[in-house]
$ cat input_15.cif   # mmCIF, N, CA and C atoms
data_coords
loop_
_atom_site.label_atom_id
_atom_site.label_comp_id
_atom_site.auth_asym_id
_atom_site.auth_seq_id
_atom_site.Cartn_x
_atom_site.Cartn_y
_atom_site.Cartn_z
N MET A 1 84.71 106.53 113.75
CA MET A 1 85.81 105.68 113.34
C MET A 1 86.60 106.40 112.23
N LYS A 2 87.91 106.47 112.40
CA LYS A 2 88.75 107.13 111.41
C LYS A 2 88.80 106.32 110.12
N LYS A 3 88.81 107.05 109.00
CA LYS A 3 88.88 106.38 107.70
C LYS A 3 90.31 106.51 107.15
N VAL A 4 90.91 105.37 106.85
CA VAL A 4 92.28 105.33 106.35
C VAL A 4 92.27 104.63 104.99
N ILE A 5 93.03 105.18 104.06
CA ILE A 5 93.19 104.55 102.75
C ILE A 5 94.61 104.00 102.68
N ILE A 6 94.70 102.74 102.27
CA ILE A 6 96.01 102.09 102.17
C ILE A 6 96.16 101.48 100.78
N TYR A 7 97.32 101.72 100.19
CA TYR A 7 97.72 101.04 98.95
C TYR A 7 98.91 100.16 99.28
N THR A 8 98.94 98.95 98.72
CA THR A 8 100.04 98.03 99.00
C THR A 8 100.50 97.35 97.72
N ASP A 9 101.75 96.91 97.73
CA ASP A 9 102.26 96.09 96.63
C ASP A 9 103.46 95.29 97.12
N GLY A 10 103.62 94.13 96.52
CA GLY A 10 104.78 93.28 96.80
C GLY A 10 105.45 92.93 95.49
N ALA A 11 106.75 92.62 95.58
CA ALA A 11 107.51 92.27 94.37
C ALA A 11 108.56 91.24 94.74
N CYS A 12 108.96 90.48 93.75
CA CYS A 12 109.99 89.46 93.96
C CYS A 12 110.88 89.40 92.74
N SER A 13 112.18 89.23 92.97
CA SER A 13 113.13 89.05 91.89
C SER A 13 113.46 87.56 91.87
N GLY A 14 112.75 86.84 90.99
CA GLY A 14 112.74 85.39 91.07
C GLY A 14 111.60 85.03 92.01
N ASN A 15 111.04 83.85 91.87
CA ASN A 15 109.91 83.49 92.72
C ASN A 15 110.02 82.00 93.07
N PRO A 16 110.69 81.63 94.14
CA PRO A 16 111.19 82.49 95.23
C PRO A 16 112.46 83.24 94.84
N GLY A 17 112.71 84.28 95.62
CA GLY A 17 113.88 85.11 95.42
C GLY A 17 113.85 86.26 96.41
N ASP A 18 114.67 87.28 96.15
CA ASP A 18 114.67 88.46 97.00
C ASP A 18 113.36 89.22 96.78
N GLY A 19 112.75 89.64 97.87
CA GLY A 19 111.45 90.30 97.77
C GLY A 19 111.41 91.64 98.47
N GLY A 20 110.52 92.47 97.99
CA GLY A 20 110.29 93.77 98.61
C GLY A 20 108.80 94.04 98.68
N TRP A 21 108.43 94.90 99.60
CA TRP A 21 107.03 95.31 99.72
C TRP A 21 106.99 96.81 99.96
N GLY A 22 105.88 97.41 99.57
CA GLY A 22 105.70 98.84 99.79
C GLY A 22 104.25 99.13 100.10
N ALA A 23 104.04 100.18 100.87
CA ALA A 23 102.66 100.59 101.21
C ALA A 23 102.61 102.10 101.42
N ILE A 24 101.44 102.64 101.14
CA ILE A 24 101.16 104.05 101.39
C ILE A 24 99.90 104.11 102.23
N LEU A 25 99.98 104.81 103.35
CA LEU A 25 98.81 105.03 104.21
C LEU A 25 98.42 106.49 104.10
N MET A 26 97.11 106.74 103.96
CA MET A 26 96.61 108.11 103.86
C MET A 26 95.45 108.30 104.82
N TYR A 27 95.58 109.37 105.63
CA TYR A 27 94.53 109.73 106.57
C TYR A 27 94.44 111.25 106.56
N GLY A 28 93.30 111.76 106.11
CA GLY A 28 93.16 113.21 105.99
C GLY A 28 94.24 113.76 105.09
N LYS A 29 95.00 114.74 105.61
CA LYS A 29 96.09 115.34 104.82
C LYS A 29 97.39 114.57 104.99
N HIS A 30 97.41 113.59 105.85
CA HIS A 30 98.64 112.86 106.16
C HIS A 30 98.86 111.70 105.19
N LYS A 31 100.12 111.51 104.83
CA LYS A 31 100.48 110.41 103.95
C LYS A 31 101.80 109.83 104.45
N LYS A 32 101.85 108.51 104.58
CA LYS A 32 103.08 107.85 105.05
C LYS A 32 103.42 106.71 104.11
N GLU A 33 104.69 106.65 103.70
CA GLU A 33 105.17 105.56 102.86
C GLU A 33 106.07 104.66 103.68
N ILE A 34 105.88 103.34 103.53
CA ILE A 34 106.74 102.37 104.21
C ILE A 34 107.14 101.29 103.21
N SER A 35 108.26 100.63 103.48
CA SER A 35 108.69 99.54 102.61
C SER A 35 109.67 98.66 103.36
N GLY A 36 109.88 97.46 102.81
CA GLY A 36 110.79 96.53 103.46
C GLY A 36 111.28 95.47 102.49
N PHE A 37 112.17 94.62 102.99
CA PHE A 37 112.86 93.63 102.17
C PHE A 37 112.94 92.30 102.90
N GLU A 38 112.88 91.20 102.14
CA GLU A 38 113.13 89.86 102.68
C GLU A 38 113.89 89.05 101.66
N LYS A 39 114.81 88.24 102.14
CA LYS A 39 115.54 87.32 101.26
C LYS A 39 114.72 86.05 101.09
N GLU A 40 114.92 85.37 99.97
CA GLU A 40 114.30 84.06 99.72
C GLU A 40 112.84 84.01 100.14
N THR A 41 112.03 84.74 99.42
CA THR A 41 110.60 84.79 99.70
C THR A 41 109.85 84.66 98.39
N THR A 42 108.54 84.83 98.44
CA THR A 42 107.73 84.75 97.22
C THR A 42 106.95 86.05 97.02
N ASN A 43 106.49 86.23 95.80
CA ASN A 43 105.67 87.39 95.48
C ASN A 43 104.42 87.45 96.36
N ASN A 44 103.74 86.30 96.51
CA ASN A 44 102.53 86.27 97.32
C ASN A 44 102.80 86.67 98.78
N ARG A 45 103.91 86.17 99.33
CA ARG A 45 104.26 86.55 100.71
C ARG A 45 104.47 88.05 100.83
N MET A 46 105.11 88.65 99.83
CA MET A 46 105.37 90.09 99.86
C MET A 46 104.08 90.90 99.75
N GLU A 47 103.12 90.40 98.96
CA GLU A 47 101.82 91.07 98.86
C GLU A 47 101.12 91.08 100.23
N LEU A 48 101.14 89.94 100.91
CA LEU A 48 100.51 89.84 102.23
C LEU A 48 101.25 90.69 103.25
N LYS A 49 102.58 90.64 103.19
CA LYS A 49 103.42 91.38 104.14
C LYS A 49 103.18 92.90 104.04
N ALA A 50 103.01 93.40 102.83
CA ALA A 50 102.76 94.83 102.64
C ALA A 50 101.49 95.25 103.38
N ALA A 51 100.45 94.45 103.25
CA ALA A 51 99.18 94.77 103.94
C ALA A 51 99.35 94.68 105.45
N ILE A 52 100.04 93.64 105.92
CA ILE A 52 100.26 93.47 107.36
C ILE A 52 101.01 94.66 107.95
N GLU A 53 102.12 95.02 107.31
CA GLU A 53 102.96 96.11 107.84
C GLU A 53 102.21 97.44 107.86
N ALA A 54 101.36 97.68 106.86
CA ALA A 54 100.56 98.91 106.85
C ALA A 54 99.53 98.88 107.98
N LEU A 55 98.83 97.77 108.13
CA LEU A 55 97.80 97.66 109.16
C LEU A 55 98.39 97.73 110.57
N LYS A 56 99.61 97.28 110.74
CA LYS A 56 100.29 97.33 112.05
C LYS A 56 100.44 98.77 112.55
N LEU A 57 100.49 99.72 111.62
CA LEU A 57 100.71 101.12 112.00
C LEU A 57 99.45 101.79 112.55
N LEU A 58 98.30 101.18 112.37
CA LEU A 58 97.06 101.80 112.85
C LEU A 58 96.97 101.63 114.36
N LYS A 59 96.82 102.75 115.07
CA LYS A 59 96.86 102.74 116.53
C LYS A 59 95.51 102.49 117.20
N GLU A 60 94.44 102.53 116.40
CA GLU A 60 93.09 102.30 116.94
C GLU A 60 92.24 101.69 115.83
N PRO A 61 91.09 101.11 116.19
CA PRO A 61 90.24 100.54 115.14
C PRO A 61 89.85 101.61 114.11
N CYS A 62 89.98 101.25 112.84
CA CYS A 62 89.72 102.20 111.75
C CYS A 62 88.84 101.56 110.69
N GLU A 63 88.24 102.43 109.88
CA GLU A 63 87.58 102.01 108.66
C GLU A 63 88.65 102.12 107.57
N VAL A 64 88.97 101.00 106.94
CA VAL A 64 90.09 100.95 106.01
C VAL A 64 89.63 100.57 104.61
N GLU A 65 90.10 101.33 103.63
CA GLU A 65 89.99 100.90 102.23
C GLU A 65 91.38 100.48 101.84
N LEU A 66 91.57 99.18 101.59
CA LEU A 66 92.89 98.67 101.24
C LEU A 66 92.90 98.26 99.77
N TYR A 67 93.75 98.94 99.00
CA TYR A 67 93.86 98.71 97.56
C TYR A 67 95.11 97.89 97.27
N SER A 68 94.95 96.84 96.48
CA SER A 68 96.07 95.99 96.10
C SER A 68 95.85 95.47 94.68
N ASP A 69 96.95 95.22 93.97
CA ASP A 69 96.82 94.61 92.64
C ASP A 69 96.93 93.09 92.75
N SER A 70 96.98 92.57 93.98
CA SER A 70 97.11 91.13 94.20
C SER A 70 95.74 90.47 94.36
N ALA A 71 95.36 89.68 93.35
CA ALA A 71 94.10 88.92 93.46
C ALA A 71 94.20 87.94 94.62
N TYR A 72 95.39 87.41 94.86
CA TYR A 72 95.62 86.46 95.96
C TYR A 72 95.22 87.09 97.30
N LEU A 73 95.69 88.30 97.57
CA LEU A 73 95.37 89.00 98.81
C LEU A 73 93.89 89.37 98.87
N VAL A 74 93.41 90.07 97.86
CA VAL A 74 92.04 90.59 97.88
C VAL A 74 91.02 89.44 97.92
N ASN A 75 91.22 88.41 97.07
CA ASN A 75 90.26 87.30 97.03
C ASN A 75 90.24 86.49 98.32
N GLY A 76 91.35 86.51 99.05
CA GLY A 76 91.38 85.83 100.34
C GLY A 76 90.25 86.29 101.24
N PHE A 77 89.86 87.56 101.11
CA PHE A 77 88.78 88.10 101.93
C PHE A 77 87.48 88.27 101.15
N VAL A 78 87.57 88.80 99.92
CA VAL A 78 86.37 89.08 99.13
C VAL A 78 85.65 87.78 98.76
N GLN A 79 86.42 86.73 98.48
CA GLN A 79 85.80 85.44 98.12
C GLN A 79 85.74 84.47 99.30
N ASN A 80 85.94 85.01 100.50
CA ASN A 80 85.79 84.25 101.74
C ASN A 80 86.72 83.05 101.88
N TRP A 81 87.87 83.07 101.21
CA TRP A 81 88.81 81.97 101.38
C TRP A 81 89.21 81.83 102.83
N VAL A 82 89.52 82.96 103.49
CA VAL A 82 90.00 82.93 104.88
C VAL A 82 88.94 82.31 105.79
N SER A 83 87.68 82.72 105.64
CA SER A 83 86.59 82.15 106.46
C SER A 83 86.49 80.65 106.25
N ASN A 84 86.56 80.24 104.99
CA ASN A 84 86.47 78.81 104.68
C ASN A 84 87.65 78.04 105.26
N TRP A 85 88.86 78.59 105.12
CA TRP A 85 90.04 77.92 105.67
C TRP A 85 89.91 77.79 107.18
N LYS A 86 89.47 78.87 107.84
CA LYS A 86 89.33 78.84 109.30
C LYS A 86 88.35 77.75 109.73
N SER A 87 87.20 77.70 109.08
CA SER A 87 86.20 76.71 109.47
C SER A 87 86.62 75.29 109.10
N ASN A 88 87.65 75.18 108.25
CA ASN A 88 88.17 73.87 107.84
C ASN A 88 89.51 73.58 108.53
N GLY A 89 89.75 74.23 109.68
CA GLY A 89 90.98 74.00 110.43
C GLY A 89 92.23 74.47 109.69
N TRP A 90 92.09 75.59 108.93
CA TRP A 90 93.17 76.16 108.14
C TRP A 90 93.70 75.17 107.11
N LYS A 91 92.75 74.44 106.50
CA LYS A 91 93.07 73.53 105.39
C LYS A 91 92.34 74.04 104.14
N THR A 92 92.91 73.73 102.97
CA THR A 92 92.27 74.09 101.70
C THR A 92 91.17 73.07 101.41
N LYS A 93 90.42 73.33 100.34
CA LYS A 93 89.37 72.37 99.93
C LYS A 93 89.97 70.99 99.70
N GLY A 94 91.21 70.96 99.19
CA GLY A 94 91.89 69.69 98.93
C GLY A 94 92.54 69.10 100.18
N ASN A 95 92.25 69.69 101.33
CA ASN A 95 92.75 69.24 102.63
C ASN A 95 94.27 69.43 102.79
N ASP A 96 94.83 70.36 102.02
CA ASP A 96 96.25 70.71 102.18
C ASP A 96 96.35 71.86 103.19
N ASP A 97 97.53 72.00 103.78
CA ASP A 97 97.75 73.15 104.66
C ASP A 97 97.71 74.42 103.82
N VAL A 98 97.11 75.47 104.38
CA VAL A 98 97.06 76.77 103.70
C VAL A 98 98.48 77.32 103.61
N LYS A 99 98.88 77.74 102.42
CA LYS A 99 100.20 78.36 102.25
C LYS A 99 100.20 79.74 102.92
N ASN A 100 101.32 80.11 103.49
CA ASN A 100 101.48 81.42 104.13
C ASN A 100 100.51 81.61 105.30
N ILE A 101 100.23 80.51 105.99
CA ILE A 101 99.19 80.49 107.03
C ILE A 101 99.41 81.56 108.10
N GLU A 102 100.67 81.75 108.53
CA GLU A 102 100.91 82.71 109.62
C GLU A 102 100.59 84.13 109.17
N LEU A 103 100.81 84.44 107.88
CA LEU A 103 100.48 85.77 107.36
C LEU A 103 98.97 85.94 107.23
N TRP A 104 98.29 84.91 106.74
CA TRP A 104 96.83 84.96 106.63
C TRP A 104 96.19 85.13 108.01
N LYS A 105 96.72 84.42 109.00
CA LYS A 105 96.16 84.54 110.36
C LYS A 105 96.34 85.95 110.90
N GLU A 106 97.49 86.55 110.61
CA GLU A 106 97.74 87.92 111.06
C GLU A 106 96.75 88.88 110.39
N LEU A 107 96.55 88.72 109.09
CA LEU A 107 95.58 89.57 108.39
C LEU A 107 94.17 89.35 108.92
N ASP A 108 93.83 88.11 109.22
CA ASP A 108 92.52 87.79 109.77
C ASP A 108 92.33 88.50 111.12
N ASN A 109 93.37 88.54 111.94
CA ASN A 109 93.29 89.25 113.23
C ASN A 109 93.02 90.74 113.01
N PHE A 110 93.68 91.33 112.01
CA PHE A 110 93.44 92.75 111.71
C PHE A 110 92.00 92.96 111.24
N SER A 111 91.43 91.97 110.56
CA SER A 111 90.04 92.08 110.10
C SER A 111 89.06 92.10 111.27
N ASP A 112 89.48 91.52 112.39
CA ASP A 112 88.63 91.57 113.60
C ASP A 112 88.70 92.94 114.26
N ILE A 113 89.80 93.64 114.08
CA ILE A 113 90.02 94.95 114.72
C ILE A 113 89.45 96.09 113.88
N HIS A 114 89.72 96.03 112.58
CA HIS A 114 89.34 97.12 111.66
C HIS A 114 88.24 96.67 110.72
N ARG A 115 87.49 97.66 110.21
CA ARG A 115 86.53 97.37 109.14
C ARG A 115 87.28 97.59 107.83
N ILE A 116 87.70 96.50 107.21
CA ILE A 116 88.54 96.59 106.02
C ILE A 116 87.74 96.25 104.77
N LYS A 117 87.80 97.15 103.82
CA LYS A 117 87.22 96.90 102.50
C LYS A 117 88.40 96.60 101.59
N TRP A 118 88.44 95.38 101.06
CA TRP A 118 89.55 94.93 100.21
C TRP A 118 89.19 95.24 98.75
N ILE A 119 90.04 96.03 98.08
CA ILE A 119 89.72 96.50 96.73
C ILE A 119 90.85 96.14 95.77
N LYS A 120 90.50 95.45 94.71
CA LYS A 120 91.48 95.03 93.70
C LYS A 120 91.66 96.16 92.69
N VAL A 121 92.91 96.53 92.43
CA VAL A 121 93.22 97.51 91.39
C VAL A 121 94.05 96.82 90.31
N LYS A 122 94.00 97.36 89.13
CA LYS A 122 94.78 96.80 88.03
C LYS A 122 96.24 97.19 88.23
N GLY A 123 97.11 96.21 88.20
CA GLY A 123 98.54 96.46 88.40
C GLY A 123 99.20 97.05 87.17
N HIS A 124 100.26 97.78 87.40
CA HIS A 124 101.09 98.33 86.32
C HIS A 124 100.26 99.08 85.28
N SER A 125 99.28 99.84 85.78
CA SER A 125 98.49 100.67 84.86
C SER A 125 98.69 102.13 85.25
N ASP A 126 97.62 102.89 85.32
CA ASP A 126 97.80 104.33 85.55
C ASP A 126 97.40 104.75 86.97
N ASN A 127 97.41 103.83 87.92
CA ASN A 127 97.08 104.20 89.29
C ASN A 127 98.36 104.68 89.97
N GLU A 128 98.41 105.98 90.27
CA GLU A 128 99.66 106.56 90.78
C GLU A 128 100.11 105.94 92.09
N TYR A 129 99.17 105.61 92.97
CA TYR A 129 99.56 105.05 94.27
C TYR A 129 100.01 103.60 94.14
N ASN A 130 99.36 102.84 93.28
CA ASN A 130 99.80 101.46 93.04
C ASN A 130 101.19 101.47 92.41
N ASN A 131 101.40 102.36 91.46
CA ASN A 131 102.72 102.46 90.82
C ASN A 131 103.79 102.88 91.82
N ARG A 132 103.44 103.76 92.74
CA ARG A 132 104.40 104.21 93.76
C ARG A 132 104.74 103.04 94.70
N CYS A 133 103.75 102.26 95.09
CA CYS A 133 104.00 101.10 95.95
C CYS A 133 104.90 100.09 95.25
N ASP A 134 104.66 99.89 93.96
CA ASP A 134 105.51 98.99 93.17
C ASP A 134 106.95 99.48 93.18
N LYS A 135 107.13 100.78 93.03
CA LYS A 135 108.49 101.35 93.05
C LYS A 135 109.12 101.18 94.43
N LEU A 136 108.37 101.42 95.48
CA LEU A 136 108.89 101.23 96.84
C LEU A 136 109.38 99.79 97.03
N ALA A 137 108.58 98.84 96.54
CA ALA A 137 108.92 97.42 96.69
C ALA A 137 110.15 97.05 95.86
N THR A 138 110.16 97.45 94.60
CA THR A 138 111.28 97.07 93.72
C THR A 138 112.56 97.80 94.13
N ASP A 139 112.44 99.03 94.66
CA ASP A 139 113.63 99.76 95.14
C ASP A 139 114.28 99.01 96.32
N GLN A 140 113.47 98.40 97.15
CA GLN A 140 114.01 97.62 98.27
C GLN A 140 114.85 96.45 97.77
N ILE A 141 114.36 95.80 96.70
CA ILE A 141 115.10 94.66 96.13
C ILE A 141 116.44 95.16 95.57
N LYS A 142 116.40 96.26 94.81
CA LYS A 142 117.62 96.82 94.22
C LYS A 142 118.62 97.22 95.30
N LYS A 143 118.12 97.90 96.33
CA LYS A 143 118.96 98.40 97.42
C LYS A 143 119.65 97.26 98.18
N ASN A 144 119.00 96.10 98.27
CA ASN A 144 119.52 95.00 99.07
C ASN A 144 120.27 93.94 98.26
N LYS A 145 120.40 94.16 96.96
CA LYS A 145 121.16 93.20 96.13
C LYS A 145 122.65 93.27 96.51
N GLN A 146 123.26 92.11 96.66
CA GLN A 146 124.69 92.08 97.00
C GLN A 146 125.54 92.26 95.76
#

$ encode --input "input_15.cif" --output "structure tokens"
Amino acid sequence: MKKVIIYTDGACSGNPGDGGWGAILMYGKHKKEISGFEKETTNNRMELKAAIEALKLLKEPCEVELYSDSAYLVNGFVQNWVSNWKSNGWKTKGNDDVKNIELWKELDNFSDIHRIKWIKVKGHSDNEYNNRCDKLATDQIKKNKQ
């Protein structure tokens, strides 16, 4: 199984507001940067979207180390929120609908395909790849401002 390292980040100008996401995929000597933009979105949606868009690029089942500064994204899997939501009919403990359900379901599907290790990194510190993803995301917001 191929081992891929992915770094992701999402950003929002206002919350909700214009949002951007960025990701870096690394496999062997290969490195690919991707990014995108959405209007009227949230920071959490952009964090999830960055991971989804990166995972979409994998052409076969892989062993993935996915690094994010988003506790929301990482804890969704590390603290079994997604498993609990699924077994509860995609409802929270308080019986509310899970926010961003379609994005969580997409990530859950990728978890069935790939062996993903979700790793939390400290945001806005000295991690060069996290900082680069942040720049990719914020550059998308700047580029798309009217």

$ closest_residue --input "input_15.cif" --among "A:Ala137, A:Ile52, A:Val64, A:Val74" --to "Met1 in chain A" --atoms "all atoms listed in the file"
A:Val64

$ select_by_dssp --input "input_15.cif" --residues "chain A" --states "strand (DSSP E)" --output "ChimeraX atom specification"
/A:2-13,17-27,30-41,62-68,115-120

$ residues_around --input "input_15.cif" --residues "range 91-104 of chain A" --least-positions-apart "4" --cutoff "7 Å" --atoms "only N, CA and C atoms" --output "number ranges by chain"
A: 45, 48-49, 84-87, 108-109

$ atom_distance --input "input_15.cif" --atom1 "CA of Gly22 in chain A" --atom2 "CA of Glu38 in chain A"
12.0 Å

$ resolve_selection --input "input_15.cif" --expression "the PyMOL selection byres ((chain A and resi 16) around 6.5)" --output "number ranges by chain"
A: 13-15, 17-18, 40-43

$ residues_around --input "input_15.cif" --residues "Trp21 in chain A" --least-positions-apart "5" --cutoff "8 Å" --atoms "only N, CA and C atoms" --output "JSON, numbers by chain"
{"A": [8, 9, 10, 11, 12, 34, 35, 36, 37, 38, 45, 46, 47, 49, 50, 51, 133, 134, 135, 136, 137, 138, 139, 140, 141]}

$ write_last_selection --input "input_15.cif" --atoms "N, CA and C atoms" --output "PDB file, in the frame of the given file"
ATOM      1  N   THR A   8      98.940  98.950  98.720  1.00  0.00           N
ATOM      2  CA  THR A   8     100.040  98.030  99.000  1.00  0.00           C
ATOM      3  C   THR A   8     100.500  97.350  97.720  1.00  0.00           C
ATOM      4  N   ASP A   9     101.750  96.910  97.730  1.00  0.00           N
ATOM      5  CA  ASP A   9     102.260  96.090  96.630  1.00  0.00           C
ATOM      6  C   ASP A   9     103.460  95.290  97.120  1.00  0.00           C
ATOM      7  N   GLY A  10     103.620  94.130  96.520  1.00  0.00           N
ATOM      8  CA  GLY A  10     104.780  93.280  96.800  1.00  0.00           C
ATOM      9  C   GLY A  10     105.450  92.930  95.490  1.00  0.00           C
ATOM     10  N   ALA A  11     106.750  92.620  95.580  1.00  0.00           N
ATOM     11  CA  ALA A  11     107.510  92.270  94.370  1.00  0.00           C
ATOM     12  C   ALA A  11     108.560  91.240  94.740  1.00  0.00           C
ATOM     13  N   CYS A  12     108.960  90.480  93.750  1.00  0.00           N
ATOM     14  CA  CYS A  12     109.990  89.460  93.960  1.00  0.00           C
ATOM     15  C   CYS A  12     110.880  89.400  92.740  1.00  0.00           C
ATOM     16  N   ILE A  34     105.880 103.340 103.530  1.00  0.00           N
ATOM     17  CA  ILE A  34     106.740 102.370 104.210  1.00  0.00           C
ATOM     18  C   ILE A  34     107.140 101.290 103.210  1.00  0.00           C
ATOM     19  N   SER A  35     108.260 100.630 103.480  1.00  0.00           N
ATOM     20  CA  SER A  35     108.690  99.540 102.610  1.00  0.00           C
ATOM     21  C   SER A  35     109.670  98.660 103.360  1.00  0.00           C
ATOM     22  N   GLY A  36     109.880  97.460 102.810  1.00  0.00           N
ATOM     23  CA  GLY A  36     110.790  96.530 103.460  1.00  0.00           C
ATOM     24  C   GLY A  36     111.280  95.470 102.490  1.00  0.00           C
ATOM     25  N   PHE A  37     112.170  94.620 102.990  1.00  0.00           N
ATOM     26  CA  PHE A  37     112.860  93.630 102.170  1.00  0.00           C
ATOM     27  C   PHE A  37     112.940  92.300 102.900  1.00  0.00           C
ATOM     28  N   GLU A  38     112.880  91.200 102.140  1.00  0.00           N
ATOM     29  CA  GLU A  38     113.130  89.860 102.680  1.00  0.00           C
ATOM     30  C   GLU A  38     113.890  89.050 101.660  1.00  0.00           C
ATOM     31  N   ARG A  45     103.910  86.170  99.330  1.00  0.00           N
ATOM     32  CA  ARG A  45     104.260  86.550 100.710  1.00  0.00           C
ATOM     33  C   ARG A  45     104.470  88.050 100.830  1.00  0.00           C
ATOM     34  N   MET A  46     105.110  88.650  99.830  1.00  0.00           N
ATOM     35  CA  MET A  46     105.370  90.090  99.860  1.00  0.00           C
ATOM     36  C   MET A  46     104.080  90.900  99.750  1.00  0.00           C
ATOM     37  N   GLU A  47     103.120  90.400  98.960  1.00  0.00           N
ATOM     38  CA  GLU A  47     101.820  91.070  98.860  1.00  0.00           C
ATOM     39  C   GLU A  47     101.120  91.080 100.230  1.00  0.00           C
ATOM     40  N   LYS A  49     102.580  90.640 103.190  1.00  0.00           N
ATOM     41  CA  LYS A  49     103.420  91.380 104.140  1.00  0.00           C
ATOM     42  C   LYS A  49     103.180  92.900 104.040  1.00  0.00           C
ATOM     43  N   ALA A  50     103.010  93.400 102.830  1.00  0.00           N
ATOM     44  CA  ALA A  50     102.760  94.830 102.640  1.00  0.00           C
ATOM     45  C   ALA A  50     101.490  95.250 103.380  1.00  0.00           C
ATOM     46  N   ALA A  51     100.450  94.450 103.250  1.00  0.00           N
ATOM     47  CA  ALA A  51      99.180  94.770 103.940  1.00  0.00           C
ATOM     48  C   ALA A  51      99.350  94.680 105.450  1.00  0.00           C
ATOM     49  N   CYS A 133     103.750 102.260  95.090  1.00  0.00           N
ATOM     50  CA  CYS A 133     104.000 101.100  95.950  1.00  0.00           C
ATOM     51  C   CYS A 133     104.900 100.090  95.250  1.00  0.00           C
ATOM     52  N   ASP A 134     104.660  99.890  93.960  1.00  0.00           N
ATOM     53  CA  ASP A 134     105.510  98.990  93.170  1.00  0.00           C
ATOM     54  C   ASP A 134     106.950  99.480  93.180  1.00  0.00           C
ATOM     55  N   LYS A 135     107.130 100.780  93.030  1.00  0.00           N
ATOM     56  CA  LYS A 135     108.490 101.350  93.050  1.00  0.00           C
ATOM     57  C   LYS A 135     109.120 101.180  94.430  1.00  0.00           C
ATOM     58  N   LEU A 136     108.370 101.420  95.480  1.00  0.00           N
ATOM     59  CA  LEU A 136     108.890 101.230  96.840  1.00  0.00           C
ATOM     60  C   LEU A 136     109.380  99.790  97.030  1.00  0.00           C
ATOM     61  N   ALA A 137     108.580  98.840  96.540  1.00  0.00           N
ATOM     62  CA  ALA A 137     108.920  97.420  96.690  1.00  0.00           C
ATOM     63  C   ALA A 137     110.150  97.050  95.860  1.00  0.00           C
ATOM     64  N   THR A 138     110.160  97.450  94.600  1.00  0.00           N
ATOM     65  CA  THR A 138     111.280  97.070  93.720  1.00  0.00           C
ATOM     66  C   THR A 138     112.560  97.800  94.130  1.00  0.00           C
ATOM     67  N   ASP A 139     112.440  99.030  94.660  1.00  0.00           N
ATOM     68  CA  ASP A 139     113.630  99.760  95.140  1.00  0.00           C
ATOM     69  C   ASP A 139     114.280  99.010  96.320  1.00  0.00           C
ATOM     70  N   GLN A 140     113.470  98.400  97.150  1.00  0.00           N
ATOM     71  CA  GLN A 140     114.010  97.620  98.270  1.00  0.00           C
ATOM     72  C   GLN A 140     114.850  96.450  97.770  1.00  0.00           C
ATOM     73  N   ILE A 141     114.360  95.800  96.700  1.00  0.00           N
ATOM     74  CA  ILE A 141     115.100  94.660  96.130  1.00  0.00           C
ATOM     75  C   ILE A 141     116.440  95.160  95.570  1.00  0.00           C
TER      76      ILE A 141
END

$ axis_aligned_box --input "input_15.cif" --around "range 55-59 of chain A" --padding-each-side "4 Å" --output "AutoDock Vina command-line options"
--center_x 98.1 --center_y 100.0 --center_z 112.7 --size_x 13.2 --size_y 13.5 --size_z 17.1

$ resolve_selection --input "input_15.cif" --expression "the PyMOL selection byres (((chain A and resi 6 and name CA) around 6) and name CA)" --output "compact mmCIF listing (two decimals) with N, CA and C atoms, in the frame of the given file"
# COMPACT_ATOMS: atom_id res chain seq x y z
N ILE A 5 93.03 105.18 104.06
CA ILE A 5 93.19 104.55 102.75
C ILE A 5 94.61 104.00 102.68
N TYR A 7 97.32 101.72 100.19
CA TYR A 7 97.72 101.04 98.95
C TYR A 7 98.91 100.16 99.28
N ILE A 24 101.44 102.64 101.14
CA ILE A 24 101.16 104.05 101.39
C ILE A 24 99.90 104.11 102.23
N LEU A 25 99.98 104.81 103.35
CA LEU A 25 98.81 105.03 104.21
C LEU A 25 98.42 106.49 104.10
N LEU A 66 91.57 99.18 101.59
CA LEU A 66 92.89 98.67 101.24
C LEU A 66 92.90 98.26 99.77

$ resolve_selection --input "input_15.cif" --expression "the PyMOL selection byres ((chain A and resi 120) around 8)" --output "number ranges by chain"
A: 66-71, 74-75, 117-119, 121-123

$ select_by_dssp --input "input_15.cif" --residues "chain A" --states "helix (DSSP H, G or I)" --output "NGL selection string"
:A and (43-56 or 71-78 or 81-87 or 101-113 or 128-144)

$ closest_residue --input "input_15.cif" --among "A:Lys31, A:Lys143, A:Lys56, A:Lys39" --to "Tyr129 in chain A" --atoms "only C-alpha atoms"
A:Lys31

$ atom_distance --input "input_15.cif" --atom1 "CA of Leu55 in chain A" --atom2 "CA of Trp81 in chain A"
19.7 Å
